[in-house]
Amino acid sequence: MIRDALLLQLGYNATLVAIGATLLGVAAGVTGTFLFLRKRALVSDAISHATLPGVCLAFIVMVALGGDGRNLVGLLLGSALSAWVGLLCLTWIVRNTRLAEDAAIGAVLSVFFGLGIVLLTVIQTMSSGRQAGLESFLLGATAGMLWADAMVIATGGALTLLLILLLRRPMTMVAFDPEYAAARGLPVTWIDLAMMGLVMAVTVVGLKIVGLILIVALLIIPAVTARFWTERSDRVVLLSGLLGGLSCYVGAALSASAPNLPTGPIIVLVSFGFFAVSLFLAPSRGVLAAVLRHFRFQRRVHLRQGLLALAQGQPIYERLTNRLLRRAGLVRPDGVATDKGRARAAKALRDERRWQVIRADQAYEAAAALYDGLRDIETVLTSDQIAEVDRTIGGPRGVPA
Amino acid sequence: MIGSEFVPLSLTPLLIGIFAAVACALPGNFLVLRRQALIGDAISHVVLPGIVVAFLATGVISSWPMMLGAAGAAIVAVVLIEAIRRLGRIEPGAAMGVVFTSMFAGGVLLLELSDTSNVHLDVEHALFGNLESLIWLDATGWASLLDREALLGLPVELPRMAATLLAVAVFILLFWRPLKLSTFDEGFARTLGIRTGLLGLALVIAAAVAAVAAFDAVGSIIVIAMFICPPAAARMMTNRLEHQIAWSVVFATASAIAGYVLAGYGPLWFGGQDAVSAAGMIATVSGVILALAAGFGPCRTRSGAPQGG
């Protein structure tokens with residue numbers, strides 16, 4: 001069943017939803033990256049909640065004009081309008097008052113959403129039976145998706161991607177260093193607004209599939225996930241688009257494979273799955289890599305301390321140190337150093353003495369700054385410099401260097 | 001409106017609304033100052049999976065398990081956000097976004113998968129609350145306030161919300177000095193031996209308790225609005241924390257009363273027949289108050305100096 005779903009064999013509606021969702025996921029992933037890099041991920045939460053009053057107003061206006069009230073384009077236009085008003089309020093509050101951005105986000109989000117709920121109840125009483133399930137915009141509803149709806153979503157997604165392609169360089173620059181961008185003469189405020197406009201476009205397009213509460217997830221989670229895997233912004237953008245598209249595709253397919261699986265939440269949980277895997281398994285930034293790095297560091301410290309203790313003839317009681325020394329063949333099981341162990345220990349002690357000389361000498365200031373008790377001195381100084389240091393200490397006495 | 005039907009129909013929802021608004025606004029003051037305003041947003045989203053899990057575990061819709069579930073979910077969310085922020089070295093906003101959306105999605109999914117068609121538990125209810133339904137059927141008029149029999153019929157939300165408000169107020173009063181210090185100068189507070197990390201967590205838990213109790217009565221949208229709007233508006237009015245808290249209580253109360261009255265009676269004035277959502281209206285009114293404060297408040301600008309002084 002799931003295989004059928006993934007191969008788009010589950011009928012017209014499921015295929016339509018899967019394709020629409022994938023396009024949306026790609027657009028959201030790519031857009032969300034810039035938002036995340038700009039450290040304004042939660043602005044999307046305010047924007048998405050601010051769409052609700054617009055949807056309701058559009059419905060009321062369309063009904064008042066004698067229309068159906070359920071025209072998707074009309075509803076999306078209304079949502080875009082009120083999201084834009086919300087965004088302007090947010091920007092105004094941050095610019096003109098002492099409130100920080102998070103308070104402004106929360107204020108816009110809750111007030112617009114509250115207004116939307118008031119309007120929803122107005123619609124409920126307005127003309128019974130024609131309520132049109134506007135609540136479906138809260139959590140998305142894909143069951144009744146039409147070809148026209150899918151086309152709206154596809155067109156919106158494609159336009160968003162095109163705009164991002166045009167704006168990607170200035171947006172990247174503003175995301176990383178707004179002051180530098182301003183100094184280069186870029187209109188930072190306008191670029192920020194454009195970025196938010198793109199976020200708004202993705203939100204509006206995504207209302208139908210994942211709903212306004214969960215669209216935030218599509219903007220944030222793929223970008224955060226992609227960030228684990230690479231340090232280059234262009235690759236984060238690509239990877240995030242890919243992850244967003246993939247999680248939407250898999251999520252839509254999964255939800256089509258069984259009854260009672262709502263599309264939006266499944267998509268969000270799939271992308272959270274990708275996030276969780278990345279959090280643990282990503283190279284260098286992942287948790288597993290950090291744990292391994294920690295253990296490697298711990299082993300180096302213990303080995304080093306063990307060698308210094310050996311060189312000074314002190315007994316070693318610490319278990320891990322003993323085990324490491326034994327495994328490296330530096331001490332015998334009874335705790336007596338082997339020849340190799342004695343040589344390494346003497347070298348460690350000698351290196352420590354060399355570091356002391358370096359750190360006391362102004363001429364080696366740059367090198368001395370690198371001292372951390374673990375670094376091999378050969379990686380910092382040339383053999384000529386080491387020889388010079390050795391002259392001040394005196395040559396090795398009977399122990400190979 | 002002060003007719004005989006006021007006491008049974010409007011007094012209790014009005015009081016519950018006021019208590020909920022003030023209980024959320026009090027910790028909200030500190031959250032806004034500490035730039036953690038969106039914690040309230042996150043908590044109110046994760047309450048949904050909490051109550052769904054509690055319902056699935058106990059099989060009944062009753063208040064205590066659901067409140068425990070919601071509180072548990074709030075704590076899980078706070079811990080998860082912190083863990084993801086530290087482990088993944090992700091900025092707090094994004095970590096929050098990842099956690100609360102995923103948990104909310106999980107809650108919706110569980111709700112859809114479980115058989116809850118015969119019980120009153122759905123997403124809309126969780127979001128909007130149902131303030132209007134908390135009526136006091138046993139009351140006949142103002143005299144009922146002194147009638148022991150009638151008082152027993154009060155909706156349980158009223159005493160619970162009052163107790164929550166009291167608990168939050170006592171927490172803030174007891175930890176007033178350390179809270180104030182650690183909010184404005186965390187480093188200095190730490191040198192005085194105040195355990196700022198623990199205190200921050202306690203504040204978030206107090207906020208979560210207020211949010212969960214209020215959510216049970218009035219829905220999560222009011223919770224977010226009351227955490228942020230009254231304190232933010234109060235911030236524009238004064239530079240002193242004591243005054244700010246007093247203002248925020250005034251604003252919260254005013255939003256609750258005006259919102260409830262507008263929602264209940266406003267449509268009648270315009271010729272409509274039915275009331276609109278009180279929770280939504282309270283949030284809207286608090287937004288209007290915030291807008292007025294942002295436009296005319298004496299301390300609205302960043303420098304903090306009174307205008308024209």
# chains A, B, ... in the order shown; residues from 1 in each chain; ligands from 1
$ interface_residues --of "chain A" --to "chain B" --cutoff "7 Å" --atoms "only C-alpha atoms" --output "number ranges by chain"
A: 36, 41-42, 96-100, 102-103, 106-107, 110-111, 114-115, 117-118, 121-122, 125, 214, 217, 220-221, 260-262, 265, 268-269, 272, 279, 285-287
$ select_by_dssp --residues "stretch 24-89 of chain A" --states "helix (DSSP H, G or I)" --output "number ranges by chain"
A: 24-37, 43-49, 51-64, 72-89
$ write_last_selection --atoms "N, CA and C atoms" --output "compact mmCIF listing (two decimals), in the first residue's frame"
# COMPACT_ATOMS: atom_id res chain seq x y z
N LEU A 24 5.19 22.48 -2.94
CA LEU A 24 5.10 23.36 -1.78
C LEU A 24 6.30 23.15 -0.86
N GLY A 25 6.65 21.87 -0.64
CA GLY A 25 7.76 21.55 0.27
C GLY A 25 9.06 22.15 -0.23
N VAL A 26 9.31 22.04 -1.54
CA VAL A 26 10.55 22.59 -2.10
C VAL A 26 10.58 24.11 -1.88
N ALA A 27 9.47 24.76 -2.22
CA ALA A 27 9.42 26.23 -2.09
C ALA A 27 9.60 26.63 -0.63
N ALA A 28 8.91 25.90 0.28
CA ALA A 28 9.00 26.25 1.70
C ALA A 28 10.41 26.01 2.24
N GLY A 29 11.01 24.88 1.85
CA GLY A 29 12.36 24.58 2.34
C GLY A 29 13.35 25.64 1.92
N VAL A 30 13.28 26.04 0.63
CA VAL A 30 14.24 27.02 0.11
C VAL A 30 14.02 28.38 0.78
N THR A 31 12.76 28.79 0.87
CA THR A 31 12.46 30.10 1.48
C THR A 31 12.85 30.12 2.95
N GLY A 32 12.48 29.02 3.63
CA GLY A 32 12.73 28.96 5.06
C GLY A 32 14.20 29.08 5.41
N THR A 33 15.08 28.63 4.51
CA THR A 33 16.50 28.70 4.80
C THR A 33 16.94 30.14 5.06
N PHE A 34 16.49 31.05 4.21
CA PHE A 34 16.90 32.44 4.38
C PHE A 34 16.36 33.01 5.69
N LEU A 35 15.12 32.61 6.00
CA LEU A 35 14.51 33.05 7.25
C LEU A 35 15.32 32.55 8.44
N PHE A 36 15.72 31.29 8.36
CA PHE A 36 16.47 30.66 9.46
C PHE A 36 17.85 31.30 9.58
N LEU A 37 18.51 31.52 8.45
CA LEU A 37 19.85 32.11 8.50
C LEU A 37 19.79 33.54 9.01
N VAL A 43 9.15 34.51 12.79
CA VAL A 43 8.31 35.52 12.12
C VAL A 43 7.27 34.81 11.27
N SER A 44 7.66 33.65 10.72
CA SER A 44 6.72 32.91 9.89
C SER A 44 5.48 32.51 10.69
N ASP A 45 5.64 32.29 11.99
CA ASP A 45 4.50 31.92 12.82
C ASP A 45 3.49 33.07 12.86
N ALA A 46 4.01 34.30 13.02
CA ALA A 46 3.12 35.46 13.03
C ALA A 46 2.42 35.59 11.68
N ILE A 47 3.20 35.45 10.60
CA ILE A 47 2.62 35.62 9.26
C ILE A 47 1.52 34.59 9.03
N SER A 48 1.78 33.34 9.41
CA SER A 48 0.80 32.31 9.09
C SER A 48 -0.49 32.51 9.89
N HIS A 49 -0.35 32.90 11.17
CA HIS A 49 -1.57 33.12 11.94
C HIS A 49 -2.33 34.34 11.44
N THR A 51 -2.97 35.14 8.55
CA THR A 51 -3.76 34.91 7.34
C THR A 51 -5.23 34.67 7.66
N LEU A 52 -5.52 34.24 8.89
CA LEU A 52 -6.89 33.80 9.19
C LEU A 52 -7.96 34.89 8.99
N PRO A 53 -7.76 36.11 9.55
CA PRO A 53 -8.81 37.12 9.32
C PRO A 53 -9.00 37.42 7.85
N GLY A 54 -7.92 37.37 7.06
CA GLY A 54 -8.04 37.64 5.63
C GLY A 54 -8.91 36.61 4.93
N VAL A 55 -8.70 35.33 5.30
CA VAL A 55 -9.50 34.26 4.70
C VAL A 55 -10.98 34.52 5.00
N CYS A 56 -11.26 34.85 6.27
CA CYS A 56 -12.66 35.05 6.66
C CYS A 56 -13.25 36.27 5.96
N LEU A 57 -12.50 37.37 5.95
CA LEU A 57 -13.01 38.59 5.31
C LEU A 57 -13.27 38.34 3.83
N ALA A 58 -12.33 37.63 3.18
CA ALA A 58 -12.51 37.35 1.76
C ALA A 58 -13.79 36.55 1.55
N PHE A 59 -14.03 35.59 2.44
CA PHE A 59 -15.25 34.78 2.33
C PHE A 59 -16.48 35.67 2.47
N ILE A 60 -16.45 36.53 3.50
CA ILE A 60 -17.61 37.40 3.74
C ILE A 60 -17.84 38.31 2.54
N VAL A 61 -16.76 38.90 2.02
CA VAL A 61 -16.90 39.82 0.88
C VAL A 61 -17.45 39.09 -0.34
N MET A 62 -16.90 37.88 -0.60
CA MET A 62 -17.34 37.16 -1.79
C MET A 62 -18.81 36.75 -1.67
N VAL A 63 -19.23 36.38 -0.45
CA VAL A 63 -20.63 36.03 -0.26
C VAL A 63 -21.50 37.28 -0.43
N ALA A 64 -21.00 38.41 0.14
CA ALA A 64 -21.78 39.64 0.05
C ALA A 64 -21.95 40.08 -1.40
N LEU A 72 -10.92 29.44 -4.21
CA LEU A 72 -9.61 29.36 -3.54
C LEU A 72 -8.77 30.59 -3.82
N VAL A 73 -8.79 31.08 -5.07
CA VAL A 73 -7.95 32.23 -5.40
C VAL A 73 -8.37 33.44 -4.57
N GLY A 74 -9.67 33.63 -4.44
CA GLY A 74 -10.16 34.76 -3.65
C GLY A 74 -9.74 34.64 -2.21
N LEU A 75 -9.91 33.44 -1.64
CA LEU A 75 -9.54 33.24 -0.24
C LEU A 75 -8.05 33.47 -0.04
N LEU A 76 -7.25 32.99 -1.00
CA LEU A 76 -5.79 33.14 -0.85
C LEU A 76 -5.39 34.61 -0.98
N LEU A 77 -6.07 35.33 -1.88
CA LEU A 77 -5.77 36.76 -1.99
C LEU A 77 -6.06 37.47 -0.67
N GLY A 78 -7.22 37.15 -0.10
CA GLY A 78 -7.56 37.74 1.19
C GLY A 78 -6.53 37.40 2.24
N SER A 79 -6.11 36.15 2.29
CA SER A 79 -5.14 35.74 3.31
C SER A 79 -3.82 36.47 3.10
N ALA A 80 -3.43 36.63 1.82
CA ALA A 80 -2.17 37.33 1.55
C ALA A 80 -2.26 38.77 2.03
N LEU A 81 -3.41 39.38 1.80
CA LEU A 81 -3.58 40.78 2.19
C LEU A 81 -3.44 40.93 3.71
N SER A 82 -4.14 40.07 4.47
CA SER A 82 -4.09 40.28 5.91
C SER A 82 -2.73 39.85 6.47
N ALA A 83 -2.09 38.86 5.84
CA ALA A 83 -0.74 38.50 6.28
C ALA A 83 0.21 39.67 6.06
N TRP A 84 0.01 40.38 4.94
CA TRP A 84 0.86 41.53 4.65
C TRP A 84 0.64 42.62 5.69
N VAL A 85 -0.63 42.85 6.05
CA VAL A 85 -0.93 43.85 7.09
C VAL A 85 -0.25 43.43 8.41
N GLY A 86 -0.36 42.12 8.74
CA GLY A 86 0.28 41.63 9.96
C GLY A 86 1.77 41.87 9.94
N LEU A 87 2.36 41.61 8.77
CA LEU A 87 3.81 41.78 8.63
C LEU A 87 4.20 43.25 8.81
N LEU A 88 3.39 44.15 8.23
CA LEU A 88 3.69 45.58 8.37
C LEU A 88 3.56 46.00 9.84
N CYS A 89 2.53 45.47 10.53
CA CYS A 89 2.39 45.78 11.95
C CYS A 89 3.63 45.33 12.72
$ residues_around --residues "stretch 388-394 of chain A" --least-positions-apart "4" --cutoff "12 Å" --atoms "only C-alpha atoms" --output "ChimeraX atom specification"
/A:350-361,363-364,377,381-384,401
$ write_last_selection --atoms "N, CA and C atoms" --output "mmCIF file, in the first residue's frame"
data_model
loop_
_atom_site.group_PDB
_atom_site.id
_atom_site.type_symbol
_atom_site.label_atom_id
_atom_site.label_comp_id
_atom_site.auth_asym_id
_atom_site.auth_seq_id
_atom_site.Cartn_x
_atom_site.Cartn_y
_atom_site.Cartn_z
ATOM 1 N N ARG A 350 59.797 15.857 27.829
ATOM 2 C CA ARG A 350 60.682 16.793 27.169
ATOM 3 C C ARG A 350 59.879 17.859 26.428
ATOM 4 N N ASP A 351 58.779 17.408 25.767
ATOM 5 C CA ASP A 351 57.928 18.371 25.055
ATOM 6 C C ASP A 351 57.332 19.391 26.031
ATOM 7 N N GLU A 352 56.969 18.890 27.201
ATOM 8 C CA GLU A 352 56.402 19.788 28.198
ATOM 9 C C GLU A 352 57.424 20.859 28.576
ATOM 10 N N ARG A 353 58.690 20.422 28.738
ATOM 11 C CA ARG A 353 59.767 21.365 29.067
ATOM 12 C C ARG A 353 59.961 22.367 27.928
ATOM 13 N N ARG A 354 59.900 21.847 26.667
ATOM 14 C CA ARG A 354 60.044 22.740 25.508
ATOM 15 C C ARG A 354 58.943 23.795 25.510
ATOM 16 N N TRP A 355 57.698 23.354 25.808
ATOM 17 C CA TRP A 355 56.587 24.307 25.855
ATOM 18 C C TRP A 355 56.848 25.373 26.919
ATOM 19 N N GLN A 356 57.395 24.929 28.051
ATOM 20 C CA GLN A 356 57.676 25.904 29.115
ATOM 21 C C GLN A 356 58.605 27.004 28.609
ATOM 22 N N VAL A 357 59.643 26.577 27.881
ATOM 23 C CA VAL A 357 60.596 27.553 27.350
ATOM 24 C C VAL A 357 59.892 28.508 26.398
ATOM 25 N N ILE A 358 59.080 27.905 25.515
ATOM 26 C CA ILE A 358 58.388 28.718 24.515
ATOM 27 C C ILE A 358 57.466 29.728 25.182
ATOM 28 N N ARG A 359 56.756 29.270 26.200
ATOM 29 C CA ARG A 359 55.752 30.148 26.798
ATOM 30 C C ARG A 359 56.400 31.259 27.621
ATOM 31 N N ALA A 360 57.670 31.035 28.006
ATOM 32 C CA ALA A 360 58.357 32.079 28.762
ATOM 33 C C ALA A 360 59.030 33.091 27.831
ATOM 34 N N ASP A 361 59.067 32.781 26.531
ATOM 35 C CA ASP A 361 59.852 33.586 25.600
ATOM 36 C C ASP A 361 58.919 34.408 24.715
ATOM 37 N N ALA A 363 59.464 35.892 22.034
ATOM 38 C CA ALA A 363 59.656 35.684 20.603
ATOM 39 C C ALA A 363 58.721 34.615 20.060
ATOM 40 N N TYR A 364 58.283 33.697 20.937
ATOM 41 C CA TYR A 364 57.406 32.606 20.481
ATOM 42 C C TYR A 364 55.948 32.850 20.848
ATOM 43 N N ILE A 377 54.182 19.389 19.784
ATOM 44 C CA ILE A 377 54.951 20.608 19.539
ATOM 45 C C ILE A 377 55.421 20.682 18.085
ATOM 46 N N LEU A 381 55.930 24.220 15.798
ATOM 47 C CA LEU A 381 57.259 24.768 15.511
ATOM 48 C C LEU A 381 57.957 23.943 14.432
ATOM 49 N N THR A 382 58.871 24.595 13.719
ATOM 50 C CA THR A 382 59.692 23.854 12.744
ATOM 51 C C THR A 382 60.778 23.120 13.497
ATOM 52 N N SER A 383 61.430 22.149 12.810
ATOM 53 C CA SER A 383 62.468 21.377 13.490
ATOM 54 C C SER A 383 63.627 22.284 13.876
ATOM 55 N N ASP A 384 63.892 23.343 13.063
ATOM 56 C CA ASP A 384 64.961 24.294 13.416
ATOM 57 C C ASP A 384 64.649 24.986 14.742
ATOM 58 N N ALA A 401 64.975 10.896 21.173
ATOM 59 C CA ALA A 401 63.993 11.980 21.137
ATOM 60 C C ALA A 401 62.714 11.540 20.433
#
$ closest_residue --among "A:Ala223, A:Leu90, A:Ala21, A:Leu246" --to "A:Leu193" --atoms "only C-alpha atoms"
A:Leu90
